[in-house]
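Chemist: So here's model-v8.cif, just mmCIF, C-alpha atoms and all ligand atoms:
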data_query
#
loop_
_atom_site.label_atom_id
_atom_site.label_comp_id
_atom_site.auth_asym_id
_atom_site.auth_seq_id
_atom_site.Cartn_x
_atom_site.Cartn_y
_atom_site.Cartn_z
CA MET K 1 -11.81 27.75 2.77
CA LEU K 2 -12.23 30.10 5.78
CA PHE K 3 -13.14 27.29 8.17
CA GLN K 4 -10.29 24.76 8.28
CA PRO K 5 -11.81 21.28 8.72
CA HIS K 6 -9.63 18.86 10.68
CA ILE K 7 -9.69 15.38 9.14
CA ALA K 8 -8.36 12.15 10.66
CA VAL K 9 -6.93 9.77 8.06
CA ILE K 10 -6.37 6.22 9.31
CA GLY K 11 -3.57 4.63 7.30
CA ALA K 12 -0.56 6.10 5.48
CA GLY K 13 -0.57 3.77 2.47
CA ILE K 14 -1.11 5.06 -1.07
CA SER K 15 -4.79 5.90 -0.56
CA GLY K 16 -4.28 7.64 2.81
CA SER K 17 -1.26 9.60 1.56
CA VAL K 18 -2.86 10.69 -1.72
CA LEU K 19 -6.00 11.76 0.16
CA THR K 20 -3.90 13.67 2.70
CA SER K 21 -1.96 15.49 0.00
CA LEU K 22 -5.14 16.54 -1.83
CA LEU K 23 -6.84 17.73 1.37
CA LEU K 24 -3.78 19.72 2.45
CA SER K 25 -3.66 21.46 -0.92
CA HIS K 26 -7.30 22.52 -0.39
CA GLY K 27 -6.63 24.09 3.03
CA PHE K 28 -7.71 21.20 5.28
CA ARG K 29 -5.84 20.24 8.44
CA VAL K 30 -4.99 16.52 8.43
CA SER K 31 -3.82 14.09 11.13
CA VAL K 32 -2.59 10.76 9.76
CA PHE K 33 -2.49 7.71 12.05
CA ASP K 34 -0.66 4.51 11.15
CA LYS K 35 0.03 1.40 13.18
CA SER K 36 3.43 1.01 11.50
CA ARG K 37 6.61 2.96 12.10
CA GLY K 38 6.71 4.46 8.62
CA THR K 39 4.50 5.23 5.66
CA GLY K 40 3.62 3.16 2.59
CA GLY K 41 1.51 0.28 3.92
CA ARG K 42 1.54 -2.20 1.06
CA ALA K 43 3.90 0.15 -0.79
CA SER K 44 6.46 0.14 2.01
CA SER K 45 10.17 -0.66 1.95
CA CYS K 46 12.35 -2.58 4.38
CA ARG K 47 15.96 -2.69 5.55
CA MET K 48 18.09 -5.79 6.08
CA GLY K 49 21.25 -4.37 7.62
CA GLU K 50 23.09 -2.59 4.83
CA TYR K 51 20.53 -3.71 2.21
CA GLN K 52 17.09 -2.32 1.43
CA ALA K 53 14.19 -3.44 -0.74
CA ASP K 54 10.58 -2.69 -1.56
CA LEU K 55 8.44 -5.14 0.35
CA GLY K 56 5.01 -4.48 -1.20
CA VAL K 57 4.04 -3.31 -4.68
CA PRO K 58 7.42 -3.44 -6.50
CA TYR K 59 6.52 -0.96 -9.23
CA PHE K 60 3.53 0.89 -10.65
CA GLU K 61 1.99 0.12 -14.03
CA ALA K 62 -0.28 2.89 -15.23
CA LEU K 63 -3.54 1.45 -16.58
CA SER K 64 -5.05 4.87 -17.28
CA GLY K 65 -3.78 8.18 -18.67
CA PRO K 66 -4.69 10.21 -15.55
CA PHE K 67 -2.71 7.88 -13.26
CA GLU K 68 0.29 7.94 -15.58
CA LYS K 69 0.11 11.74 -15.75
CA TRP K 70 -0.03 11.92 -11.96
CA LEU K 71 2.91 9.51 -11.57
CA LEU K 72 5.00 11.56 -13.98
CA SER K 73 4.28 14.71 -11.96
CA GLN K 74 5.67 13.18 -8.72
CA PRO K 75 9.30 14.23 -8.17
CA GLU K 76 10.51 10.82 -6.88
CA ILE K 77 8.93 8.73 -9.66
CA MET K 78 11.19 7.36 -12.42
CA GLY K 79 10.53 5.03 -15.33
CA TRP K 80 11.98 1.51 -15.17
CA GLN K 81 12.18 -0.70 -18.26
CA ALA K 82 13.26 -3.91 -16.59
CA LYS K 83 14.87 -6.71 -18.58
CA GLU K 84 11.99 -9.11 -18.16
CA TYR K 85 11.95 -12.88 -18.72
CA GLY K 86 9.45 -15.70 -18.38
CA PHE K 87 10.21 -18.74 -16.22
CA ASP K 88 11.06 -20.49 -19.51
CA LYS K 89 13.91 -17.90 -19.89
CA LYS K 90 12.24 -16.39 -22.96
CA VAL K 91 12.42 -12.61 -23.19
CA HIS K 92 9.20 -10.77 -22.37
CA ILE K 93 8.28 -7.44 -23.88
CA HIS K 94 9.93 -4.87 -21.62
CA LYS K 95 6.95 -2.94 -20.30
CA ASN K 96 7.29 0.52 -18.85
CA HIS K 97 7.12 0.47 -15.07
CA TYR K 98 7.34 3.35 -12.63
CA VAL K 99 9.16 3.27 -9.30
CA ALA K 100 9.65 5.78 -6.52
CA THR K 101 13.27 6.58 -5.71
CA PRO K 102 15.33 5.90 -3.72
CA LYS K 103 12.62 3.48 -2.46
CA GLN K 104 8.88 3.01 -2.90
CA SER K 105 8.00 4.46 0.52
CA ALA K 106 9.59 7.80 -0.44
CA LEU K 107 6.42 8.65 -2.38
CA THR K 108 3.97 8.31 0.54
CA ARG K 109 6.45 9.90 2.95
CA ARG K 110 6.58 13.09 0.85
CA LEU K 111 2.82 13.13 0.10
CA ILE K 112 1.92 13.46 3.79
CA GLN K 113 4.38 16.29 4.44
CA GLY K 114 2.46 19.12 6.09
CA ALA K 115 0.12 16.78 7.97
CA ASP K 116 0.49 15.67 11.61
CA PHE K 117 1.81 12.12 11.23
CA ILE K 118 1.24 9.85 14.22
CA PRO K 119 3.10 6.56 13.58
CA GLN K 120 2.89 3.39 15.70
CA GLN K 121 -0.65 4.28 16.70
CA ARG K 122 -3.25 1.60 15.98
CA VAL K 123 -6.70 3.19 15.84
CA GLY K 124 -9.17 0.86 17.53
CA TYR K 125 -12.43 2.77 17.48
CA LEU K 126 -14.15 5.77 15.91
CA TRP K 127 -17.61 7.08 16.58
CA PRO K 128 -19.67 10.20 15.77
CA GLU K 129 -20.32 12.61 18.66
CA TYR K 130 -23.11 15.18 18.69
CA ASN K 131 -23.05 18.30 20.85
CA GLY K 132 -26.13 20.37 19.99
CA SER K 133 -25.70 21.28 16.33
CA ASP K 134 -21.96 20.52 16.50
CA LYS K 135 -20.86 17.20 15.08
CA SER K 136 -17.47 15.51 15.31
CA VAL K 137 -15.86 12.09 15.24
CA ILE K 138 -13.94 10.74 18.23
CA LEU K 139 -10.97 8.46 17.67
CA ARG K 140 -9.58 6.04 20.26
CA ASN K 141 -6.52 3.83 20.06
CA GLU K 142 -6.59 0.07 20.65
CA HIS K 143 -6.32 0.64 24.44
CA GLY K 144 -9.32 3.01 24.51
CA LYS K 145 -7.22 6.19 24.89
CA SER K 146 -8.73 9.20 23.13
CA LEU K 147 -6.79 10.41 20.08
CA GLY K 148 -8.95 13.52 19.67
CA LEU K 149 -12.06 14.91 18.01
CA PHE K 150 -12.16 15.50 14.26
CA ASP K 151 -14.56 17.02 11.74
CA ALA K 152 -14.42 13.75 9.77
CA ALA K 153 -12.54 10.43 9.89
CA ILE K 154 -11.53 8.44 6.81
CA VAL K 155 -10.46 4.81 7.04
CA THR K 156 -7.94 3.75 4.38
CA THR K 157 -6.89 0.35 5.80
CA PRO K 158 -7.41 -3.00 4.03
CA ALA K 159 -11.04 -4.17 4.06
CA TYR K 160 -11.11 -6.53 7.06
CA GLN K 161 -9.26 -4.03 9.24
CA ALA K 162 -11.66 -1.32 7.99
CA ALA K 163 -14.71 -3.42 8.97
CA GLU K 164 -13.66 -3.19 12.66
CA LEU K 165 -13.39 0.59 12.47
CA LEU K 166 -16.53 1.34 10.47
CA GLU K 167 -18.98 -0.06 13.07
CA ALA K 168 -20.85 3.27 13.25
CA VAL K 169 -22.02 2.77 9.65
CA PRO K 170 -23.31 -0.84 9.36
CA ARG K 171 -23.68 -0.76 5.55
CA PHE K 172 -19.96 0.02 5.26
CA VAL K 173 -19.12 -2.89 7.60
CA ASN K 174 -21.18 -5.18 5.41
CA LYS K 175 -19.32 -4.04 2.32
CA ALA K 176 -15.90 -4.43 3.94
CA ASN K 177 -16.75 -7.93 5.18
CA HIS K 178 -17.63 -8.96 1.63
CA ALA K 179 -14.24 -7.90 0.21
CA LYS K 180 -12.05 -10.65 -1.25
CA PRO K 181 -8.44 -10.24 -0.11
CA SER K 182 -5.65 -12.54 -1.26
CA MET K 183 -2.47 -13.23 0.71
CA CYS K 184 1.14 -13.29 -0.46
CA TRP K 185 4.37 -14.58 1.04
CA VAL K 186 7.35 -12.43 0.07
CA HIS K 187 10.98 -13.45 0.53
CA VAL K 188 13.71 -10.82 0.16
CA ILE K 189 17.33 -11.89 -0.32
CA ALA K 190 20.64 -10.15 -0.84
CA ILE K 191 22.90 -12.50 -2.78
CA GLU K 192 26.39 -12.43 -4.24
CA SER K 193 26.19 -10.76 -7.64
CA GLY K 194 27.04 -12.22 -11.00
CA ILE K 195 24.60 -15.08 -11.50
CA SER K 196 21.82 -13.20 -13.21
CA ASP K 197 23.39 -10.15 -14.78
CA SER K 198 21.02 -9.84 -17.70
CA ILE K 199 17.79 -10.64 -15.80
CA GLU K 200 15.92 -8.03 -13.80
CA LEU K 201 12.38 -9.38 -13.63
CA ILE K 202 10.97 -12.89 -13.95
CA SER K 203 7.25 -13.55 -14.24
CA GLY K 204 4.78 -15.97 -15.82
CA GLN K 205 3.43 -19.40 -14.93
CA HIS K 206 5.15 -21.20 -12.06
CA ALA K 207 3.81 -23.43 -9.27
CA VAL K 208 5.49 -21.51 -6.44
CA ILE K 209 6.80 -18.13 -7.60
CA SER K 210 4.55 -15.52 -9.18
CA ARG K 211 7.28 -12.95 -9.74
CA ALA K 212 10.93 -12.31 -8.87
CA ILE K 213 12.12 -8.72 -8.98
CA LYS K 214 15.74 -7.60 -8.88
CA ASP K 215 15.22 -4.66 -6.55
CA SER K 216 18.82 -3.50 -6.83
CA ALA K 217 18.34 -3.02 -10.60
CA LYS K 218 15.71 -0.32 -10.12
CA PRO K 219 16.84 3.26 -10.74
CA ASN K 220 18.64 5.12 -7.94
CA ARG K 221 19.02 2.13 -5.60
CA SER K 222 22.15 2.16 -3.50
CA HIS K 223 23.85 -1.22 -3.41
CA SER K 224 27.37 -2.58 -3.58
CA VAL K 225 28.63 -4.03 -6.88
CA ASP K 226 29.31 -7.35 -5.09
CA SER K 227 25.67 -7.99 -4.27
CA GLU K 228 22.16 -7.90 -5.72
CA VAL K 229 18.84 -7.79 -3.93
CA TRP K 230 15.88 -9.88 -5.10
CA VAL K 231 12.27 -9.89 -3.96
CA ILE K 232 10.54 -13.22 -4.55
CA GLU K 233 6.74 -13.21 -4.44
CA ALA K 234 4.93 -16.53 -4.04
CA THR K 235 1.77 -17.26 -6.03
CA GLU K 236 -1.63 -16.62 -4.47
CA ASP K 237 -2.48 -20.36 -4.30
CA TRP K 238 0.87 -21.42 -2.88
CA SER K 239 0.74 -18.58 -0.32
CA ALA K 240 -2.77 -19.57 0.77
CA SER K 241 -1.83 -23.23 1.11
CA HIS K 242 1.18 -22.21 3.28
CA CYS K 243 -0.72 -19.56 5.22
CA HIS K 244 0.23 -20.93 8.66
CA SER K 245 3.78 -22.08 7.86
CA GLU K 246 6.73 -20.63 9.76
CA PRO K 247 8.68 -17.89 7.90
CA GLU K 248 11.86 -20.01 8.18
CA ALA K 249 10.20 -22.87 6.28
CA ILE K 250 8.85 -20.46 3.65
CA ALA K 251 12.33 -18.98 3.20
CA ILE K 252 13.85 -22.40 2.48
CA GLU K 253 11.19 -23.32 -0.09
CA LEU K 254 11.22 -19.98 -1.92
CA GLN K 255 15.02 -19.87 -2.05
CA GLN K 256 15.14 -23.38 -3.45
CA ALA K 257 12.50 -22.58 -6.09
CA PHE K 258 14.37 -19.41 -7.05
CA SER K 259 17.69 -21.20 -7.29
CA GLU K 260 16.06 -23.78 -9.61
CA VAL K 261 14.62 -21.01 -11.79
CA LEU K 262 18.07 -19.41 -12.16
CA ASN K 263 19.68 -22.84 -12.45
CA ALA K 264 22.44 -21.67 -10.13
CA GLU K 265 23.60 -21.99 -6.52
CA ILE K 266 22.98 -18.77 -4.65
CA THR K 267 24.95 -17.40 -1.70
CA VAL K 268 22.60 -15.51 0.60
CA LEU K 269 24.09 -12.53 2.43
CA ALA K 270 20.90 -11.29 4.13
CA GLU K 271 17.24 -12.29 4.05
CA ARG K 272 13.78 -11.42 5.26
CA THR K 273 10.40 -13.13 4.90
CA HIS K 274 7.06 -11.36 5.19
CA ARG K 275 3.48 -12.58 5.05
CA TRP K 276 1.01 -10.08 3.59
CA LEU K 277 -2.36 -11.30 4.81
CA TYR K 278 -4.25 -8.83 2.62
CA ALA K 279 -1.88 -8.27 -0.28
CA ARG K 280 -4.53 -7.44 -2.86
CA HIS K 281 -8.31 -7.17 -3.11
CA ASN K 282 -10.31 -8.51 -5.97
CA THR K 283 -13.10 -6.00 -6.53
CA THR K 284 -15.41 -4.90 -9.32
CA GLU K 285 -16.23 -1.58 -7.60
CA ASP K 286 -14.97 1.90 -8.50
CA GLU K 287 -15.81 4.07 -5.54
CA CYS K 288 -15.16 5.51 -2.10
CA LEU K 289 -17.55 5.48 0.88
CA TRP K 290 -18.86 8.61 2.58
CA ASP K 291 -21.60 8.97 5.18
CA PRO K 292 -22.39 12.67 5.71
CA ASP K 293 -24.54 11.93 8.78
CA SER K 294 -21.69 10.47 10.81
CA SER K 295 -18.82 12.21 8.89
CA ILE K 296 -17.14 8.82 8.47
CA GLY K 297 -15.80 7.52 5.19
CA ALA K 298 -13.44 4.98 3.62
CA CYS K 299 -11.27 4.63 0.55
CA GLY K 300 -8.61 2.23 -0.66
CA ASP K 301 -7.87 -0.59 -3.09
CA TRP K 302 -10.74 -2.77 -1.79
CA LEU K 303 -13.19 -0.18 -3.13
CA HIS K 304 -11.70 0.37 -6.57
CA ARG K 305 -10.34 -1.89 -9.30
CA GLY K 306 -6.67 -1.56 -10.24
CA GLY K 307 -4.57 -2.37 -7.14
CA SER K 308 -2.33 0.59 -6.35
CA GLU K 309 -3.95 2.63 -9.14
CA GLY K 310 -7.34 1.76 -7.61
CA ALA K 311 -6.14 3.01 -4.21
CA TRP K 312 -5.09 6.28 -5.88
CA ALA K 313 -8.41 6.62 -7.77
CA SER K 314 -10.53 5.87 -4.69
CA ALA K 315 -8.56 8.48 -2.69
CA ASN K 316 -9.18 11.06 -5.43
CA GLN K 317 -12.92 10.38 -5.23
CA MET K 318 -12.80 10.63 -1.43
CA ALA K 319 -11.06 14.00 -1.59
CA GLU K 320 -13.69 15.32 -4.04
CA CYS K 321 -16.47 14.18 -1.68
CA LEU K 322 -14.92 15.86 1.36
CA ILE K 323 -14.11 19.10 -0.46
CA ALA K 324 -17.69 19.34 -1.80
CA HIS K 325 -19.17 18.46 1.62
CA PHE K 326 -17.23 21.05 3.61
CA ARG K 327 -17.62 23.75 0.92
CA ALA K 328 -21.40 23.24 1.06
CA GLN K 329 -21.31 23.39 4.87
CA GLU K 330 -19.32 26.62 4.75
CA ALA K 331 -21.69 28.17 2.19
CA PHE K 332 -24.66 27.22 4.38
CA ALA K 333 -23.06 28.73 7.51
CA SER K 334 -22.26 32.06 5.87
C1 LIG U 1 3.64 -8.12 -2.36
C2 LIG U 1 2.66 -7.19 -3.02
C3 LIG U 1 2.74 -6.97 -4.39
C4 LIG U 1 1.82 -6.12 -5.02
N1 LIG U 1 1.92 -5.91 -6.35
C5 LIG U 1 1.09 -5.03 -6.96
C6 LIG U 1 1.23 -4.72 -8.33
O1 LIG U 1 2.11 -5.24 -9.04
N2 LIG U 1 0.38 -3.82 -8.88
C7 LIG U 1 -0.59 -3.21 -8.14
O2 LIG U 1 -1.32 -2.38 -8.67
N3 LIG U 1 -0.76 -3.48 -6.84
C8 LIG U 1 0.05 -4.38 -6.22
N4 LIG U 1 -0.09 -4.65 -4.90
C9 LIG U 1 -1.23 -4.05 -4.17
C10 LIG U 1 -0.94 -2.61 -3.77
O3 LIG U 1 0.22 -2.58 -2.99
C11 LIG U 1 -2.15 -2.11 -2.95
O4 LIG U 1 -3.30 -2.18 -3.76
C12 LIG U 1 -2.00 -0.67 -2.47
O5 LIG U 1 -0.72 -0.39 -1.99
C13 LIG U 1 -3.06 -0.45 -1.39
O6 LIG U 1 -2.93 0.83 -0.83
P1 LIG U 1 -3.95 1.30 0.30
O7 LIG U 1 -3.56 2.67 0.70
O8 LIG U 1 -5.35 1.09 -0.16
O9 LIG U 1 -3.76 0.28 1.54
P2 LIG U 1 -2.47 0.00 2.43
O10 LIG U 1 -1.23 0.17 1.67
O11 LIG U 1 -2.71 -1.35 3.07
O12 LIG U 1 -2.51 1.12 3.58
C14 LIG U 1 -3.24 0.97 4.75
C15 LIG U 1 -2.45 1.47 5.95
O13 LIG U 1 -3.28 1.40 7.11
C16 LIG U 1 -2.50 1.03 8.22
N5 LIG U 1 -3.42 0.47 9.23
C17 LIG U 1 -4.13 -0.69 9.16
N6 LIG U 1 -4.92 -0.80 10.25
C18 LIG U 1 -4.69 0.30 11.02
C19 LIG U 1 -5.22 0.76 12.26
N7 LIG U 1 -6.15 0.09 12.95
N8 LIG U 1 -4.76 1.94 12.77
C20 LIG U 1 -3.81 2.65 12.08
N9 LIG U 1 -3.29 2.26 10.89
C21 LIG U 1 -3.73 1.11 10.37
C22 LIG U 1 -1.48 0.05 7.64
O14 LIG U 1 -0.33 -0.03 8.46
C23 LIG U 1 -1.20 0.65 6.27
O15 LIG U 1 -0.08 1.51 6.30
C24 LIG U 1 0.81 -5.48 -4.24
C25 LIG U 1 0.74 -5.70 -2.86
C26 LIG U 1 1.67 -6.54 -2.26
C27 LIG U 1 1.60 -6.74 -0.76
#
Do you think you could lay out the structure here as structure tokens?

Modeler:
Amino acid sequence: MLFQPHIAVIGAGISGSVLTSLLLSHGFRVSVFDKSRGTGGRASSCRMGEYQADLGVPYFEALSGPFEKWLLSQPEIMGWQAKEYGFDKKVHIHKNHYVATPKQSALTRRLIQGADFIPQQRVGYLWPEYNGSDKSVILRNEHGKSLGLFDAAIVTTPAYQAAELLEAVPRFVNKANHAKPSMCWVHVIAIESGISDSIELISGQHAVISRAIKDSAKPNRSHSVDSEVWVIEATEDWSASHCHSEPEAIAIELQQAFSEVLNAEITVLAERTHRWLYARHNTTEDECLWDPDSSIGACGDWLHRGGSEGAWASANQMAECLIAHFRAQEAFAS
């Protein structure tokens, strides 16, 4: 492309990072804004002193061939066949999972390389601006400060946060407001090793815990032999019924439930509790949103079935839309 469109991507989760990587490879200039310090969004990782863990999606499961092929082509992705059990201690079929190494956020961090990354910047407003035949989108942060003019702006945040930013296109706001997010409490613990040597993943039917993942058992994780790191996800119903509880109270209940599941006393060395207000979206759609009049669009898991795979698929569609749009504009201008 002779003309190098400058695109603002709001959000550095899977959808924003995949979109950024595709646009960069087609000659676009991309600025990525995220309210957090790092990349990943709901595929981010956290530190607890000397320990680390994946705080959001713990691993990827490829539902389709194209996603699996893409995962396998990413240098930091490795297969993980976890030793998986039900809460009844019966062995589950060990499914093939994929994880980024040395942590989940490494994938998004590398995908946005080559873009201008602006962390800790919450975008509060975007609006189309017209200057004669020239069209651009202005971005402002939450305090009203201008973040610049762009040829297009793409919102990749969870649905309710997207609704606030998509005001210039009312039909998009309507769609975002109708999304169905579910919340999830997550409790991460580093414990003394040795109580669960043969178990790496526990899932199935339980009143409190939906899944417990031994993060330190994933490939290429650095951890001492004396400790293991577990991520305990609460069920959707339990999380919703404890939505306004204090993290300290959640920690006690999830630790107790986990200890009962393992049927062992656990010695906690470090811990962290996180509430994901919009952990997942239940959608029947398979799309991205693009409004050529305002040059504003959106993609992400709330617009496409499949969780993290949906975020990836929606970003692919968004990239195709933008590439076709700006190619047509360039052809028209020449
Ligand atoms: C605990 C947990 C477990 C999960 N397990 C699975 C699983 O097993 N399988 C699966 O497929 N999926 C799972 N998911 C869902 C999966 O993580 C998401 O579907 C996927 O990561 C969504 O990616 P995204 O890019 O659409 O959104 P996000 O990852 O939410 O990215 C959006 C980004 O936008 C940023 N942002 C928000 N508002 C603003 C603003 N105003 N200005 C600037 N930046 C902003 C956020 O900080 C974030 O980085 C899980 C999620 C959680 C939380």

Chemist: If you take all atoms listed in the file and a cut-off of 6 Å, which residues of chain K touch ligand LIG 1 (chain U), and what are their nearest atom pairs and distances in Å to one decimal, in chain and number order, as CSV?

Modeler:
residue,atom,partner,partner_atom,distance
K:Ile10,CA,U:LIG1,C20,5.2
K:Gly11,CA,U:LIG1,O13,3.2
K:Ala12,CA,U:LIG1,O15,4.7
K:Gly13,CA,U:LIG1,O12,3.5
K:Ile14,CA,U:LIG1,O7,3.9
K:Ser15,CA,U:LIG1,O7,3.7
K:Gly16,CA,U:LIG1,O7,5.4
K:Phe33,CA,U:LIG1,C20,5.2
K:Asp34,CA,U:LIG1,N9,3.5
K:Lys35,CA,U:LIG1,N9,4.1
K:Ser36,CA,U:LIG1,O14,4.9
K:Thr39,CA,U:LIG1,O15,5.9
K:Gly40,CA,U:LIG1,O15,5.5
K:Gly41,CA,U:LIG1,O15,3.1
K:Arg42,CA,U:LIG1,O10,3.7
K:Ala43,CA,U:LIG1,O5,4.8
K:Gly56,CA,U:LIG1,C2,4.0
K:Val57,CA,U:LIG1,C4,3.6
K:Phe60,CA,U:LIG1,N2,5.9
K:Gln121,CA,U:LIG1,C20,5.8
K:Arg122,CA,U:LIG1,N8,3.6
K:Val123,CA,U:LIG1,N8,3.8
K:Gly124,CA,U:LIG1,N7,5.5
K:Thr156,CA,U:LIG1,C14,5.5
K:Thr157,CA,U:LIG1,C14,3.8
K:Pro158,CA,U:LIG1,O11,5.1
K:Gln161,CA,U:LIG1,N6,5.5
K:Trp276,CA,U:LIG1,C27,5.5
K:Ala279,CA,U:LIG1,C27,3.8
K:Arg280,CA,U:LIG1,C9,4.9
K:Gly300,CA,U:LIG1,O8,3.5
K:Asp301,CA,U:LIG1,O8,4.2
K:Gly306,CA,U:LIG1,O2,5.6
K:Gly307,CA,U:LIG1,O2,3.6
K:Ser308,CA,U:LIG1,O2,3.9
K:Glu309,CA,U:LIG1,O2,5.7
K:Ala311,CA,U:LIG1,O8,4.6

Chemist: Between K:Glu265, K:Glu233, K:Glu142, K:Glu84, which has the minimum distance to Gly194 of chain K (counting only C-alpha atoms)?

Modeler: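 Between K:Glu265, K:Glu233, K:Glu142, K:Glu84, the residue approaching Gly194 of chain K most closely is K:Glu265.
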
Chemist: Do you have the atom CA of Phe150 of chain K-atom CA of Leu24 of chain K distance handy?

Modeler: 15.1 Å

Chemist: What does the structure give for the distance between atom CA of Ser216 of chain K and atom CA of Pro58 of chain K, in Å to one decimal?

Modeler: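 According to the coordinates, atom CA of Ser216 of chain K and atom CA of Pro58 of chain K are separated by 11.4 Å.
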
Chemist: Could the centre and edge lengths of an axis-aligned box, enclosing all atoms of segment 179-186 of chain K in the file with 3 Å extra on each side, be given in Å to one decimal as AutoDock Vina command-line options?

Modeler:
--center_x -3.4 --center_y -11.2 --center_z -0.1 --size_x 27.6 --size_y 12.7 --size_z 8.3

Chemist: When you count all atoms listed in the file, which of these residues is closest to Arg37 of chain K: K:Ser105, K:Trp238, K:Gln113, K:Leu149?

Modeler: K:Ser105

Chemist: Excluding Gly38 of chain K and residues on its chain fewer than 6 positions from it, collect all residues at most 12 Å away from it, counting only C-alpha atoms, and give them as a list in words.

Modeler: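 That gives Gly11, Ala12, Gly13, Ser17, Val32, Ser44, Ser45, Cys46, Gln104, Ser105, Ala106, Leu107, Thr108, Arg109, Arg110, Ile112, Phe117, Ile118, Pro119, Gln120 and Gln121 of chain K.
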
Chemist: Quick one, how far is atom CA of Pro5 of chain K from atom CA of Trp290 of chain K?

Modeler: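 Taking atom CA of Pro5 of chain K and atom CA of Trp290 of chain K, their separation equals 15.7 Å.
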
Chemist: Point out the residue among K:Ile296, K:Met78, K:Cys243, K:Cys184 with the least atom-to-atom distance to Ala162 of chain K, counting only C-alpha atoms.

Modeler: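 Looking at the shortest contact to Ala162 of chain K, the residue is K:Ile296.
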
Chemist: Considering only C-alpha atoms, state which residue in the set K:Ala153, K:Asn174, K:Leu262, K:Ala251 is at the smallest distance from Cys299 of chain K.

Modeler: K:Ala153

Chemist: K:Ala8, K:Ala264, K:Leu254, K:Met183: which is nearest Ser196 of chain K, counting all atoms listed in the file?

Modeler: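 Nearest candidate to Ser196 of chain K out of K:Ala8, K:Ala264, K:Leu254, K:Met183: K:Ala264.
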
Chemist: Measuring atom to atom with only C-alpha atoms, identify which of K:Ala163, K:Leu201, K:Cys321, K:Ile250 is nearest to Val91 of chain K.

Modeler: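 Answer, going by the shortest atom-to-atom distance: K:Leu201.
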
Chemist: Which residues come within 7 Å of Ser136 of chain K, counting all atoms listed in the file, excluding same-chain residues fewer than 3 positions away, as a count of residues only?

Modeler: 7

Chemist: So that I can check the surroundings of Val18 of chain K, please list as a list in words every protein, DNA and RNA residue that reaches within 7 Å of it, counting all atoms listed in the file and ignoring chain neighbours fewer than 4 positions away.

Modeler: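 Contacts, in chain order: Ile14, Leu22, Leu111, Trp312 and Ala315 of chain K.
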
Chemist: Could you turn the residues from that selection into a file that holds C-alpha atoms, as an mmCIF file, in the coordinates of the input?

Modeler:
data_model
loop_
_atom_site.group_PDB
_atom_site.id
_atom_site.type_symbol
_atom_site.label_atom_id
_atom_site.label_comp_id
_atom_site.auth_asym_id
_atom_site.auth_seq_id
_atom_site.Cartn_x
_atom_site.Cartn_y
_atom_site.Cartn_z
ATOM 1 C CA ILE K 14 -1.110 5.060 -1.070
ATOM 2 C CA LEU K 22 -5.140 16.540 -1.830
ATOM 3 C CA LEU K 111 2.820 13.130 0.100
ATOM 4 C CA TRP K 312 -5.090 6.280 -5.880
ATOM 5 C CA ALA K 315 -8.560 8.480 -2.690
#
